[in-house]
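For reference, the structure is listed below as structure tokens.
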Amino acid sequence: QVYIVESGGGLVQPGGSLRLSCTASGFTVGRYTVGWFRQAPVKEREGVSCIDSGAGSTYYADSVTGRFTISRDNAKNTVYLQMNSLKPEDTGVYYCAADSDLPAGRLCGVSFRRADFWGQGTQVTVSS
């Protein structure tokens, strides 16, 4: 059975940090491109950061570059998103998705709807 579980969301003050986890079951994250996406109320889902399979080239949206870091722990079959210097505009539901073919730039871009697997999401709220 294939599924993805996201965790680590919560309420944090502006300037704070959170680390999201994306744990996979039924497939090996190291063999997939895995990405984080977010959806704020009344906005479309957008790619935040993605990591390629294998060597792990990464992609970041301009809005999070320098603040967020994506990483992968193959032993734990988990992909992380370290989020620092959080802003209110980072608020939203964060989803993890994986695809066997798309490179990071495309999974995080126009092709994200083609992802093979999606998690259920975790809420991140940045507010004072």
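If you're wondering about the labels, chains in the structure tokens are A, B, ... by order shown, residues count from 1 in each chain, ligands from 1 in order shown.
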
task = For Gly54 of chain A, list every protein, DNA or RNA residue within 9 Å, evaluated using only C-alpha atoms, and leave out those in the same chain fewer than 6 positions away; present the list as a list of chain:residue names.
result = A:Gly30, A:Arg31, A:Tyr32, A:Thr33

Can you spit out the residues from that selection as a compact mmCIF listing (two decimals), in the first residue's frame, using N, CA, C and O atoms?
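The new file out02.txt reads:
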# COMPACT_ATOMS: atom_id res chain seq x y z
N GLY A 30 14.12 7.92 -2.29
CA GLY A 30 15.35 8.18 -3.01
C GLY A 30 15.25 7.92 -4.50
O GLY A 30 16.08 8.39 -5.28
N ARG A 31 14.22 7.21 -4.92
CA ARG A 31 14.03 6.88 -6.33
C ARG A 31 12.95 7.74 -6.98
O ARG A 31 12.60 7.52 -8.15
N TYR A 32 12.44 8.69 -6.22
CA TYR A 32 11.39 9.58 -6.71
C TYR A 32 11.81 11.03 -6.55
O TYR A 32 12.59 11.36 -5.65
N THR A 33 11.27 11.88 -7.39
CA THR A 33 11.32 13.30 -7.12
C THR A 33 10.23 13.61 -6.11
O THR A 33 9.08 13.20 -6.29

Taking only C-alpha atoms into account, produce a table as JSON lines in which each residue of segment 17-86 of chain A with an atom at most 6 Å from an atom of segment 104-128 of chain A appears once, together with its shortest atom pair and the distance in Å to one decimal, ordered by chain and rising number.
{"residue": "A:Gly47", "atom": "CA", "partner": "A:Cys108", "partner_atom": "CA", "distance": 4.3}
{"residue": "A:Cys50", "atom": "CA", "partner": "A:Ala104", "partner_atom": "CA", "distance": 5.0}
{"residue": "A:Ile51", "atom": "CA", "partner": "A:Ala104", "partner_atom": "CA", "distance": 5.4}
{"residue": "A:Asp52", "atom": "CA", "partner": "A:Ala104", "partner_atom": "CA", "distance": 5.2}
{"residue": "A:Tyr59", "atom": "CA", "partner": "A:Gly105", "partner_atom": "CA", "distance": 5.8}

Take the residues that were just selected and, keeping all heavy atoms, output them as a compact mmCIF listing (two decimals), in the first residue's frame.
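Full text of selection.txt as output:
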# COMPACT_ATOMS: atom_id res chain seq x y z
N GLY A 47 4.11 25.19 -5.92
CA GLY A 47 5.30 24.44 -5.54
C GLY A 47 6.21 25.29 -4.68
O GLY A 47 6.48 26.44 -5.02
N CYS A 50 11.37 21.25 -4.24
CA CYS A 50 11.40 19.88 -4.70
C CYS A 50 12.83 19.37 -4.74
O CYS A 50 13.76 20.16 -4.92
CB CYS A 50 10.77 19.75 -6.09
SG CYS A 50 8.99 20.05 -6.14
N ILE A 51 12.97 18.05 -4.62
CA ILE A 51 14.29 17.43 -4.64
C ILE A 51 14.26 16.24 -5.58
O ILE A 51 13.35 15.40 -5.52
CB ILE A 51 14.75 17.03 -3.22
CG1 ILE A 51 16.16 16.47 -3.23
CG2 ILE A 51 13.75 16.08 -2.55
CD1 ILE A 51 16.76 16.34 -1.83
N ASP A 52 15.22 16.19 -6.48
CA ASP A 52 15.31 15.11 -7.46
C ASP A 52 15.67 13.80 -6.78
O ASP A 52 16.27 13.77 -5.71
CB ASP A 52 16.38 15.43 -8.51
CG ASP A 52 15.88 16.36 -9.59
OD1 ASP A 52 14.68 16.29 -9.91
OD2 ASP A 52 16.70 17.14 -10.11
N TYR A 59 15.13 22.41 -6.05
CA TYR A 59 14.46 23.58 -6.62
C TYR A 59 13.75 24.30 -5.50
O TYR A 59 13.16 23.66 -4.61
CB TYR A 59 13.44 23.14 -7.68
CG TYR A 59 12.50 24.24 -8.08
CD1 TYR A 59 12.77 25.07 -9.16
CD2 TYR A 59 11.33 24.47 -7.36
CE1 TYR A 59 11.91 26.09 -9.51
CE2 TYR A 59 10.46 25.49 -7.69
CZ TYR A 59 10.75 26.30 -8.78
OH TYR A 59 9.91 27.32 -9.12

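Shortest atom-to-atom contact with Leu20 of chain A among A:Val93, A:Ala40, A:Val79, A:Leu86: A:Val79, counting only C-alpha atoms.
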
message = Can you tell me which residues surround Gly26 of chain A at a distance of at most 9 Å, considering only C-alpha atoms, apart from same-chain residues fewer than 4 positions away, and format the answer as a PyMOL selection string?
response = chain A and resi 1-4

Please save C-alpha atoms of the selected residues as a short mmCIF file (atom, residue, chain, number, x, y, z; two decimals), in the first residue's frame.
data_model
loop_
_atom_site.label_atom_id
_atom_site.label_comp_id
_atom_site.auth_asym_id
_atom_site.auth_seq_id
_atom_site.Cartn_x
_atom_site.Cartn_y
_atom_site.Cartn_z
CA GLN A 1 0.00 0.00 0.00
CA VAL A 2 1.39 3.39 -1.02
CA TYR A 3 0.86 6.47 1.09
CA ILE A 4 2.53 9.67 2.27
#

task = Return as a PyMOL selection string the full set of residues in segment 47-117 of chain A whose backbone-based DSSP assignment is helix (DSSP H, G or I).
result = chain A and resi 74-76+88-90+104-107+112-114

message = If DSSP is run on the backbone, what residues of segment 2-126 of chain A are strand (DSSP E)? A reply as a count of residues only would be ideal.
response = 59

message = Let me make sure I understand: among A:Ser7, A:Ser49, A:Asn84, A:Ser21, which one has the smallest atom-to-atom distance to Asp62 of chain A if we use only C-alpha atoms?
response =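 Among the listed residues, A:Ser49 lies closest to Asp62 of chain A.
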
request  = Go ahead and compute the interatomic distance for atom CA of Ser53 of chain A and atom CA of Pro103 of chain A, in Å to one decimal.
outcome  =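 Atom CA of Pro103 of chain A lies at a distance of 8.1 Å from atom CA of Ser53 of chain A.
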
ask   = Using only C-alpha atoms, which of the listed residues (A:Gln39, A:Thr58, A:Ser25, A:Thr78) sits closest to Tyr94 of chain A?
value =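 Of all the options, A:Gln39 lies closest to Tyr94 of chain A.
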
inquiry  = Could you check the closest approach to Gly15 of chain A for each of A:Ala55, A:Arg67, A:Gly92, A:Asp73 and tell me which residue wins, using only C-alpha atoms?
reply    =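 Ranking A:Ala55, A:Arg67, A:Gly92, A:Asp73 by distance to Gly15 of chain A, first place goes to A:Arg67.
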
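Minimum atom-to-atom distance to Asn77 of chain A, evaluated using only C-alpha atoms, belongs to A:Val5 out of A:Arg45, A:Arg38, A:Leu11, A:Val5.
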
request  = Please provide as a list in words all residues within 6 Å of Trp36 of chain A, with the sequence filter that same-chain residues fewer than 6 positions apart are discarded (counting only C-alpha atoms).
outcome  = Val48, Ser49, Tyr95 and Cys96 of chain A

note = What separates atom CA of Phe68 of chain A and atom CA of Thr23 of chain A is a distance of 18.3 Å
